[in-house]
Amino acid sequence: MTNAVVVADTSLPHRLGSVTVTVTDPGGAPLPGTAAQVRQTGHDFLFGNLLFDYIDWADGVAEEPARDEAELTIWRELFNFGTLPFYWRHFEPAPGAPQTERLRVAAARFQAMGITLKGHPLVWHTLAPEWLGTPATEAVIRDRIRRDVADFAGLVDIWDAINEVVIMPVFDAEANAVTPLCRRIGRLPMVKLTFDTARAANPKVTLLLNDFDLSSAYECLIEGVLKAGVDIDAIGLQTHRHQGYEGDAKLAAMLERFARYGLPLHLTEVSLVSGHLMPHDIVDLNDYQVDDWPSTPDGEARQAADIAGFYRTALANPAVAAVTYWGLTDRGAWLRAPIGLLRADGTRKPSFTALQGLIKDAWWVPPTTVVTDDEGRFDLTGFKGTYEVTAAGHTTTVHVG
């Protein structure tokens, strides 16, 4: 035994922290030469996934509670950061009738499990309520933001504040009242009203600007928003790869483009396919509709390799603070694509094992026993997060940051 714990994988030095731990007796006196067991219990990094499928289970009205509970147990093996749906059309199907209580009950249950929660999204042109369309659209949007951010303060303190602003004023796939407002007042005022209203409702909130358009158009938007003095907490980058993963080098280059703004980056919507790839001539992923999109052995092998490369590359950039994979299972997956880490029947794909090998193996300190030095101390170097130290019959929590 030694008097130091040092993580084996040092390939991500910016993800590591060190702390000197002093083991004491109940009276506070140091205990030299004492064995201490060290066990990592959590990551600071936000490894995320959707919680959409488990709200009914958490709210006590699930059709298949045993299945949902089993899947959520698997979910928690890897993830500590969950996204909840606040799509306005579904959240408030009629004016003044939001599903606040239902979602608060679920959020409280998830929070009690140690899951950090994010709401998605506050403002978006897609899935805007059909009843929204009065001359007072801006006031209604402000009221919605103010209400929901305040109602969920302490439960949901991270939000995709406004979604896909690059396309918002020219969006024409469905009629909605948000696009005309954005067209009338402009993208920057639209972002400002969202962020300012949310910040006023909860000054402790973390707010993301989120988009799928990762071209220079998004960079121009970010630069304009920052120049206008809007207080962005993080930049959201959607990375659905239904047409194939372009490789680690291209992902790294994209991350560098957005890291230059000096803000945390959240990879908010990650998906990698384990079946046939969507044709490259599809511009809008929503235009590709198939009844049967099976997961295949070859596709699963590709997905596992891609997901390992994706996560390694993401965490290699110090600006990346969160990665949210877009769903646990193929059941009910977006666009019916086989993007899950589990098959529709709940069995694990190789991609789940590959990701587990990173989050809970390569990037996790295994249970270790050390002996304190002459002053009752030992050094702990590991991935930033929480650890339990048990010595002399007493367990304490230590944070490595």
# chains A, B, ... in the order shown; residues from 1 in each chain; ligands from 1
$ closest_atom_pairs --of "region 43-94 of chain A" --to "region 142-161 of chain A" --cutoff "12 Å" --atoms "only C-alpha atoms" --output "CSV"
residue,atom,partner,partner_atom,distance
A:Leu46,CA,A:Ile158,CA,11.6
A:Phe81,CA,A:Ile158,CA,10.3
A:Gly82,CA,A:Val156,CA,9.9
A:Thr83,CA,A:Trp159,CA,9.0
A:Leu84,CA,A:Val156,CA,8.7
A:Pro85,CA,A:Asp160,CA,10.4
A:Phe86,CA,A:Asp148,CA,9.1
A:Tyr87,CA,A:Asp160,CA,11.1
A:Trp88,CA,A:Arg144,CA,8.9
A:Arg89,CA,A:Arg144,CA,11.8
A:Phe91,CA,A:Asp148,CA,10.3
A:Glu92,CA,A:Arg144,CA,9.6
$ write_last_selection --atoms "N, CA and C atoms" --output "mmCIF file, in the first residue's frame"
data_model
loop_
_atom_site.group_PDB
_atom_site.id
_atom_site.type_symbol
_atom_site.label_atom_id
_atom_site.label_comp_id
_atom_site.auth_asym_id
_atom_site.auth_seq_id
_atom_site.Cartn_x
_atom_site.Cartn_y
_atom_site.Cartn_z
ATOM 1 N N LEU A 46 -20.694 16.325 -16.927
ATOM 2 C CA LEU A 46 -22.098 15.991 -17.127
ATOM 3 C C LEU A 46 -22.247 15.006 -18.282
ATOM 4 N N PHE A 81 -26.826 13.199 -15.782
ATOM 5 C CA PHE A 81 -27.376 14.463 -16.269
ATOM 6 C C PHE A 81 -28.545 14.139 -17.197
ATOM 7 N N GLY A 82 -29.749 14.531 -16.801
ATOM 8 C CA GLY A 82 -30.926 14.135 -17.557
ATOM 9 C C GLY A 82 -31.675 15.319 -18.148
ATOM 10 N N THR A 83 -32.120 15.165 -19.387
ATOM 11 C CA THR A 83 -32.899 16.197 -20.063
ATOM 12 C C THR A 83 -34.384 15.883 -19.976
ATOM 13 N N LEU A 84 -35.158 16.876 -19.528
ATOM 14 C CA LEU A 84 -36.610 16.751 -19.427
ATOM 15 C C LEU A 84 -37.274 17.538 -20.551
ATOM 16 N N PRO A 85 -38.417 17.054 -21.072
ATOM 17 C CA PRO A 85 -39.068 17.724 -22.197
ATOM 18 C C PRO A 85 -39.998 18.850 -21.750
ATOM 19 N N PHE A 86 -39.748 20.029 -22.296
ATOM 20 C CA PHE A 86 -40.629 21.168 -22.070
ATOM 21 C C PHE A 86 -41.144 21.710 -23.406
ATOM 22 N N TYR A 87 -41.346 20.800 -24.364
ATOM 23 C CA TYR A 87 -41.900 21.215 -25.646
ATOM 24 C C TYR A 87 -43.262 21.849 -25.383
ATOM 25 N N TRP A 88 -43.370 23.096 -25.726
ATOM 26 C CA TRP A 88 -44.482 23.919 -25.241
ATOM 27 C C TRP A 88 -45.841 23.361 -25.661
ATOM 28 N N ARG A 89 -45.942 22.853 -26.887
ATOM 29 C CA ARG A 89 -47.229 22.345 -27.373
ATOM 30 C C ARG A 89 -47.747 21.209 -26.507
ATOM 31 N N PHE A 91 -46.420 20.513 -23.315
ATOM 32 C CA PHE A 91 -46.376 20.901 -21.910
ATOM 33 C C PHE A 91 -47.596 21.733 -21.516
ATOM 34 N N GLU A 92 -48.072 22.549 -22.445
ATOM 35 C CA GLU A 92 -49.238 23.396 -22.170
ATOM 36 C C GLU A 92 -50.210 23.302 -23.345
#
$ residues_around --residues "Thr397 (chain A)" --least-positions-apart "4" --cutoff "10 Å" --atoms "only C-alpha atoms" --output "ChimeraX atom specification"
/A:38-41,386-390
$ write_last_selection --atoms "C-alpha atoms" --output "PDB file, in the first residue's frame"
ATOM      1  CA  VAL A  38     -11.181   5.250  -1.415  1.00  0.00           C
ATOM      2  CA  ARG A  39     -14.132   4.847  -3.765  1.00  0.00           C
ATOM      3  CA  GLN A  40     -15.215   7.193  -6.539  1.00  0.00           C
ATOM      4  CA  THR A  41     -18.947   7.902  -6.445  1.00  0.00           C
ATOM      5  CA  THR A 386     -16.948  12.939  -5.610  1.00  0.00           C
ATOM      6  CA  TYR A 387     -15.245  10.207  -3.615  1.00  0.00           C
ATOM      7  CA  GLU A 388     -15.967   8.339  -0.409  1.00  0.00           C
ATOM      8  CA  VAL A 389     -13.137   7.772   2.059  1.00  0.00           C
ATOM      9  CA  THR A 390     -13.692   5.133   4.724  1.00  0.00           C
TER      10      THR A 390
END
$ residues_around --residues "His125 (chain A)" --least-positions-apart "6" --cutoff "9 Å" --atoms "only C-alpha atoms" --output "short mmCIF file (atom, residue, chain, number, x, y, z; two decimals) with C-alpha atoms, in the first residue's frame"
data_model
loop_
_atom_site.label_atom_id
_atom_site.label_comp_id
_atom_site.auth_asym_id
_atom_site.auth_seq_id
_atom_site.Cartn_x
_atom_site.Cartn_y
_atom_site.Cartn_z
CA ASN A 163 -33.42 26.47 -29.77
CA GLU A 164 -32.30 26.76 -33.40
CA VAL A 165 -32.34 30.53 -33.77
CA MET A 168 -35.99 30.53 -36.71
CA PRO A 169 -37.00 33.57 -38.82
CA PHE A 171 -38.57 28.33 -40.79
CA GLU A 174 -45.03 24.27 -40.06
CA ALA A 175 -47.06 27.32 -39.20
CA ASN A 176 -46.23 28.82 -35.81
CA ALA A 177 -46.31 32.15 -34.01
CA VAL A 178 -42.66 32.19 -32.95
CA THR A 179 -41.17 32.49 -36.45
#
$ atom_distance --atom1 "CA of Leu380 (chain A)" --atom2 "CA of Val5 (chain A)"
4.7 Å
$ atom_distance --atom1 "CA of Tyr245 (chain A)" --atom2 "CA of Lys360 (chain A)"
23.6 Å
